>>> print(open('coords.txt').read())   # compact mmCIF, C-alpha atoms
# COMPACT_ATOMS: atom_id res chain seq x y z
CA MET G 29 100.31 76.57 -23.02
CA ASP G 30 96.63 75.65 -23.46
CA GLU G 31 95.45 78.68 -21.48
CA GLN G 32 97.80 80.96 -23.39
CA ALA G 33 96.57 79.64 -26.75
CA GLN G 34 92.98 79.98 -25.60
CA GLY G 35 93.62 83.55 -24.44
CA ASN G 36 95.25 84.44 -27.75
CA LEU G 37 92.30 83.04 -29.72
CA GLN G 38 89.77 84.87 -27.56
CA ALA G 39 91.77 88.08 -27.88
CA ARG G 40 91.69 87.83 -31.66
CA THR G 41 87.91 87.36 -31.75
CA ASP G 42 87.44 90.27 -29.36
CA ALA G 43 89.82 92.45 -31.40
CA LYS G 44 87.75 91.92 -34.54
CA LEU G 45 84.66 93.13 -32.66
CA ARG G 46 86.56 96.21 -31.48
CA TYR G 47 87.79 96.93 -35.02
CA ALA G 48 84.20 96.79 -36.30
CA GLN G 49 83.25 99.21 -33.50
CA VAL G 50 86.00 101.62 -34.60
CA HIS G 51 84.57 101.74 -38.13
CA LEU G 52 81.03 102.09 -36.83
CA GLU G 53 82.01 105.07 -34.66
CA GLU G 54 83.71 106.72 -37.65
CA LEU G 55 80.42 106.42 -39.56
CA ARG G 56 78.38 107.75 -36.63
CA VAL G 57 80.34 111.00 -36.44
CA LEU G 58 80.14 111.90 -40.13
CA GLU G 59 78.18 115.09 -40.67
CA ALA G 60 76.61 113.71 -43.82
CA LEU G 61 76.62 110.35 -45.54
CA ARG G 62 77.54 111.14 -49.11
CA GLY G 63 78.58 107.74 -50.38
CA ASP G 64 82.18 108.84 -50.83
CA ASP G 65 85.16 106.50 -50.60
CA PHE G 66 85.69 107.24 -46.90
CA GLU G 67 82.14 106.21 -46.02
CA ARG G 68 82.07 103.16 -48.30
CA ALA G 69 85.46 101.97 -47.04
CA HIS G 70 84.22 102.16 -43.46
CA LEU G 71 81.00 100.34 -44.29
CA GLU G 72 82.84 97.51 -46.03
CA SER G 73 85.50 97.36 -43.30
CA PHE G 74 82.82 97.20 -40.65
CA LEU G 75 81.23 94.17 -42.34
CA TYR G 76 84.63 92.57 -42.89
CA HIS G 77 85.65 92.87 -39.23
CA MET G 78 82.27 92.01 -37.74
CA LEU G 79 82.09 88.81 -39.77
CA GLY G 80 85.79 88.29 -39.18
CA ALA G 81 84.94 88.01 -35.48
CA LYS G 82 82.72 85.04 -36.32
CA ASP G 83 85.52 83.53 -38.39
CA ALA G 84 88.00 84.10 -35.55
CA PHE G 85 85.56 82.39 -33.20
CA LEU G 86 85.77 79.29 -35.41
CA ALA G 87 89.42 79.05 -34.36
CA GLU G 88 88.21 79.06 -30.76
CA ILE G 89 85.80 76.21 -31.50
CA ASN G 90 88.62 74.31 -33.19
CA HIS G 91 90.62 74.72 -29.97
CA TYR G 92 87.83 74.07 -27.44
CA TYR G 93 86.77 70.86 -29.17
CA ASP G 94 90.34 69.82 -29.99
CA ALA G 95 89.39 69.39 -33.66
CA ARG G 96 93.10 69.35 -34.51
CA LEU G 97 92.73 71.44 -37.65
CA SER G 98 95.03 74.21 -38.80
CA ALA G 99 94.29 77.87 -38.16
CA GLY G 100 91.68 79.26 -40.51
CA ALA G 101 89.66 76.05 -40.70
CA ARG G 102 86.14 76.60 -41.98
CA ALA G 103 83.03 75.63 -40.08
CA GLY G 104 82.28 72.67 -42.35
CA ASP G 105 85.79 71.30 -41.91
CA ILE G 106 85.54 71.58 -38.13
CA ARG G 107 82.11 69.95 -38.16
CA ALA G 108 83.44 67.05 -40.26
CA ALA G 109 86.48 66.56 -38.03
CA LEU G 110 84.27 66.45 -34.96
CA GLU G 111 81.81 64.02 -36.55
CA LYS G 112 84.68 61.61 -37.27
CA ARG G 113 85.31 61.57 -33.52
CA GLY G 114 81.64 61.26 -32.62
CA LEU G 115 81.39 64.84 -31.40
CA LYS G 116 78.97 67.62 -32.24
CA SER G 117 79.30 71.35 -31.62
CA ASP G 118 76.08 73.09 -30.67
CA GLU G 119 77.90 76.35 -31.36
CA LEU G 120 78.55 75.39 -34.98
CA THR G 121 74.93 74.32 -35.33
CA THR G 122 73.73 77.70 -34.04
CA LEU G 123 76.00 79.60 -36.44
CA HIS G 124 74.95 77.41 -39.36
CA LYS G 125 71.24 77.93 -38.68
CA LEU G 126 71.69 81.70 -38.48
CA GLU G 127 73.73 81.81 -41.67
CA GLN G 128 71.19 79.69 -43.56
CA ASP G 129 68.15 81.71 -42.46
CA PRO G 130 67.80 84.51 -45.04
CA ALA G 131 65.79 86.58 -42.54
CA SER G 132 68.51 86.52 -39.85
CA TRP G 133 70.78 89.46 -39.23
CA LEU G 134 73.85 87.25 -39.66
CA SER G 135 72.72 85.96 -43.04
CA GLN G 136 71.93 89.48 -44.24
CA ALA G 137 75.26 90.86 -43.07
CA LYS G 138 77.12 87.97 -44.70
CA VAL G 139 75.31 88.43 -48.03
CA MET G 140 76.21 92.12 -48.01
CA ARG G 141 79.82 91.47 -47.06
CA ASP G 142 80.19 88.78 -49.73
CA HIS G 143 78.47 90.94 -52.34
CA SER G 144 80.73 93.90 -51.58
CA THR G 145 83.81 91.68 -51.59
CA HIS G 146 83.14 89.86 -54.84
CA LYS G 147 80.72 91.94 -56.92
CA THR G 148 80.07 95.58 -56.13
CA GLY G 149 79.69 97.85 -53.13
CA VAL G 150 76.92 97.57 -50.58
CA SER G 151 73.77 99.11 -52.05
CA ARG G 152 72.04 101.85 -50.12
CA THR G 153 68.96 103.96 -50.64
CA VAL G 154 68.90 107.61 -49.57
CA PHE G 155 65.51 109.09 -48.70
CA MET G 156 64.76 112.70 -49.61
CA GLY G 157 61.41 113.90 -48.28
CA GLY G 158 58.64 111.96 -46.62
CA ASP G 159 58.65 110.15 -43.30
CA ASP G 160 62.13 108.70 -43.87
CA HIS G 161 63.76 111.97 -44.99
CA GLY G 162 67.50 111.85 -44.38
CA GLN G 163 67.55 108.11 -43.77
CA VAL G 164 70.09 105.95 -45.58
CA LYS G 165 69.08 102.30 -45.62
CA LEU G 166 70.96 99.22 -46.74
CA ARG G 167 69.62 97.30 -49.69
CA ASN G 168 70.22 93.57 -49.39
CA PRO G 169 70.94 92.23 -52.90
CA THR G 170 69.64 88.73 -52.19
CA PRO G 171 66.72 89.00 -51.90
CA ASP G 172 66.30 92.58 -53.04
CA ALA G 173 65.08 94.04 -49.76
CA LEU G 174 65.42 97.40 -48.08
CA GLY G 175 66.54 97.67 -44.45
CA GLU G 176 64.09 98.94 -41.88
CA ARG G 177 66.23 101.62 -40.22
CA HIS G 178 69.10 103.98 -40.90
CA TYR G 179 72.02 101.80 -41.85
CA VAL G 180 74.37 103.09 -39.15
CA ASP G 181 71.79 102.09 -36.55
CA GLN G 182 71.35 98.74 -38.29
CA LEU G 183 75.09 98.11 -38.19
CA GLY G 184 75.14 98.98 -34.49
CA GLU G 185 72.37 96.48 -33.84
CA TRP G 186 74.19 93.80 -35.82
CA LEU G 187 77.39 94.41 -33.86
CA GLU G 188 75.52 94.11 -30.57
CA GLN G 189 73.93 90.87 -31.76
CA MET G 190 77.29 89.50 -32.89
CA SER G 191 78.94 90.40 -29.59
CA SER G 192 76.12 88.80 -27.62
CA LEU G 193 76.05 85.71 -29.82
CA LEU G 194 79.78 85.11 -29.61
CA SER G 195 79.77 85.64 -25.86
CA THR G 196 76.96 83.10 -25.43
CA LEU G 197 78.60 80.61 -27.78
CA ARG G 198 81.98 81.02 -26.09
CA GLU G 199 80.45 80.28 -22.69
CA SER G 200 78.75 77.20 -24.13
CA ALA G 201 81.94 75.93 -25.77
CA LEU G 202 83.93 76.50 -22.59
CA ARG G 203 81.38 74.48 -20.61
CA HIS G 204 81.79 71.69 -23.17
CA LYS G 205 85.58 71.88 -22.88
CA ALA G 206 85.38 71.76 -19.07
CA ALA G 207 83.11 68.71 -19.24
CA LEU G 208 85.70 66.89 -21.38
CA SER G 209 88.54 67.66 -18.97
>>> encode(input="coords.txt", output="structure tokens")
Amino acid sequence: MDEQAQGNLQARTDAKLRYAQVHLEELRVLEALRGDDFERAHLESFLYHMLGAKDAFLAEINHYYDARLSAGARAGDIRAALEKRGLKSDELTTLHKLEQDPASWLSQAKVMRDHSTHKTGVSRTVFMGGDDHGQVKLRNPTPDALGERHYVDQLGEWLEQMSSLLSTLRESALRHKAALS
């Protein structure tokens, strides 16, 4: 049963990454980015699923470290449960550091997802003329900062970073689990 549960948890994390990729590909093929509901829905869904992959990975950590918490446990709850047993998750530490660093891609994506979920849509700036003509860049609300590249390319980079990060963290957590066995 342990292997089946582990496989199901990994499949859910991987599915969230695929769902983000679906929305990204829909944005890539648009002839023009007009800011209509279709485009905005895909942008917000992309952020939701990409960060949902990180949240799904927390369920994997809960399993790998046998934290004994219910599904949907937050990182802080898992960390506290592990500390009570004298354990520490390097994977949780890595995620926490990335989320707390305002310059990190993960922190920026999370701010934008949270802002679009609770306040207003993700802000973007469209360039008409000049060196950046035709570019559409994300505007991070906290701090007020403009992205460096076209937002579809930025999202693609974030998804690659999330996929790589979760793969690395999964391997690390599995090594920890094997060492406990």
>>> atom_distance(input="coords.txt", atom1="atom CA of His51 of chain G", atom2="atom CA of Met140 of chain G")
16.1 Å
>>> residues_around(input="coords.txt", residues="Tyr76 of chain G", least_positions_apart="3", cutoff="8 Å", atoms="all atoms listed in the file", output="list in words")
Ala48, Glu72, Ser73, Leu79, Gly80 and Arg141 of chain G
>>> atom_distance(input="coords.txt", atom1="atom CA of Leu183 of chain G", atom2="atom CA of Glu199 of chain G")
24.2 Å
>>> closest_residue(input="coords.txt", among="G:Lys116, G:Arg198, G:Arg40, G:Lys138", to="Ala95 of chain G", atoms="only C-alpha atoms")
G:Lys116
>>> residues_around(input="coords.txt", residues="Leu134 of chain G", least_positions_apart="5", cutoff="8 Å", atoms="only C-alpha atoms", output="list of chain:residue names")
G:Leu126, G:Glu127, G:Trp186, G:Met190
>>> write_last_selection(input="coords.txt", atoms="C-alpha atoms", output="PDB file, in the frame of the given file")
ATOM      1  CA  LEU G 126      71.690  81.700 -38.480  1.00  0.00           C
ATOM      2  CA  GLU G 127      73.730  81.810 -41.670  1.00  0.00           C
ATOM      3  CA  TRP G 186      74.190  93.800 -35.820  1.00  0.00           C
ATOM      4  CA  MET G 190      77.290  89.500 -32.890  1.00  0.00           C
TER       5      MET G 190
END
>>> atom_distance(input="coords.txt", atom1="atom CA of Leu123 of chain G", atom2="atom CA of Leu55 of chain G")
27.4 Å
>>> residues_around(input="coords.txt", residues="Thr121 of chain G", least_positions_apart="4", cutoff="12 Å", atoms="only C-alpha atoms", output="JSON, numbers by chain")
{"G": [86, 89, 103, 104, 106, 107, 116, 117, 125, 126, 127, 128, 197, 201]}
>>> closest_residue(input="coords.txt", among="G:Leu194, G:Gln49, G:Gln34, G:Val180", to="Arg68 of chain G", atoms="only C-alpha atoms")
G:Val180
>>> residues_around(input="coords.txt", residues="Gly184 of chain G", least_positions_apart="3", cutoff="12 Å", atoms="all atoms listed in the file", output="list in words")
Leu45, Ala48, Gln49, Val50, His51, Leu52, Glu53, Glu54, Leu55, Arg56, Leu71, Phe74, Leu75, Met78, Trp133, Ala137, Arg177, His178, Tyr179, Val180, Asp181, Leu187, Glu188, Gln189, Met190 and Ser191 of chain G
>>> build_atoms(input="coords.txt", residues="segment 40-55 of chain G", atoms="N, CA and C atoms", output="PDB file, keeping the file's coordinate frame")
ATOM      1  N   ARG G  40      91.843  87.529 -30.235  1.00  0.00           N
ATOM      2  CA  ARG G  40      91.690  87.830 -31.660  1.00  0.00           C
ATOM      3  C   ARG G  40      90.220  88.042 -32.014  1.00  0.00           C
ATOM      4  N   THR G  41      89.346  87.188 -31.507  1.00  0.00           N
ATOM      5  CA  THR G  41      87.910  87.360 -31.750  1.00  0.00           C
ATOM      6  C   THR G  41      87.450  88.702 -31.206  1.00  0.00           C
ATOM      7  N   ASP G  42      87.838  89.013 -29.987  1.00  0.00           N
ATOM      8  CA  ASP G  42      87.440  90.270 -29.360  1.00  0.00           C
ATOM      9  C   ASP G  42      88.004  91.473 -30.106  1.00  0.00           C
ATOM     10  N   ALA G  43      89.212  91.352 -30.633  1.00  0.00           N
ATOM     11  CA  ALA G  43      89.820  92.450 -31.400  1.00  0.00           C
ATOM     12  C   ALA G  43      89.001  92.745 -32.651  1.00  0.00           C
ATOM     13  N   LYS G  44      88.554  91.714 -33.328  1.00  0.00           N
ATOM     14  CA  LYS G  44      87.750  91.920 -34.540  1.00  0.00           C
ATOM     15  C   LYS G  44      86.462  92.681 -34.208  1.00  0.00           C
ATOM     16  N   LEU G  45      85.853  92.388 -33.073  1.00  0.00           N
ATOM     17  CA  LEU G  45      84.660  93.130 -32.660  1.00  0.00           C
ATOM     18  C   LEU G  45      85.006  94.596 -32.380  1.00  0.00           C
ATOM     19  N   ARG G  46      86.140  94.828 -31.748  1.00  0.00           N
ATOM     20  CA  ARG G  46      86.560  96.210 -31.480  1.00  0.00           C
ATOM     21  C   ARG G  46      86.854  96.956 -32.783  1.00  0.00           C
ATOM     22  N   TYR G  47      87.480  96.284 -33.744  1.00  0.00           N
ATOM     23  CA  TYR G  47      87.790  96.930 -35.020  1.00  0.00           C
ATOM     24  C   TYR G  47      86.499  97.318 -35.745  1.00  0.00           C
ATOM     25  N   ALA G  48      85.502  96.447 -35.699  1.00  0.00           N
ATOM     26  CA  ALA G  48      84.200  96.790 -36.300  1.00  0.00           C
ATOM     27  C   ALA G  48      83.626  98.013 -35.593  1.00  0.00           C
ATOM     28  N   GLN G  49      83.755  98.070 -34.275  1.00  0.00           N
ATOM     29  CA  GLN G  49      83.250  99.210 -33.500  1.00  0.00           C
ATOM     30  C   GLN G  49      83.951 100.501 -33.905  1.00  0.00           C
ATOM     31  N   VAL G  50      85.246 100.440 -34.164  1.00  0.00           N
ATOM     32  CA  VAL G  50      86.000 101.620 -34.600  1.00  0.00           C
ATOM     33  C   VAL G  50      85.386 102.175 -35.890  1.00  0.00           C
ATOM     34  N   HIS G  51      85.127 101.303 -36.850  1.00  0.00           N
ATOM     35  CA  HIS G  51      84.570 101.740 -38.130  1.00  0.00           C
ATOM     36  C   HIS G  51      83.146 102.261 -37.960  1.00  0.00           C
ATOM     37  N   LEU G  52      82.388 101.632 -37.095  1.00  0.00           N
ATOM     38  CA  LEU G  52      81.030 102.090 -36.830  1.00  0.00           C
ATOM     39  C   LEU G  52      81.046 103.501 -36.237  1.00  0.00           C
ATOM     40  N   GLU G  53      81.929 103.742 -35.283  1.00  0.00           N
ATOM     41  CA  GLU G  53      82.010 105.070 -34.660  1.00  0.00           C
ATOM     42  C   GLU G  53      82.435 106.121 -35.672  1.00  0.00           C
ATOM     43  N   GLU G  54      83.318 105.775 -36.589  1.00  0.00           N
ATOM     44  CA  GLU G  54      83.710 106.720 -37.650  1.00  0.00           C
ATOM     45  C   GLU G  54      82.499 107.092 -38.505  1.00  0.00           C
ATOM     46  N   LEU G  55      81.638 106.134 -38.783  1.00  0.00           N
ATOM     47  CA  LEU G  55      80.420 106.420 -39.560  1.00  0.00           C
ATOM     48  C   LEU G  55      79.446 107.272 -38.759  1.00  0.00           C
TER      49      LEU G  55
END
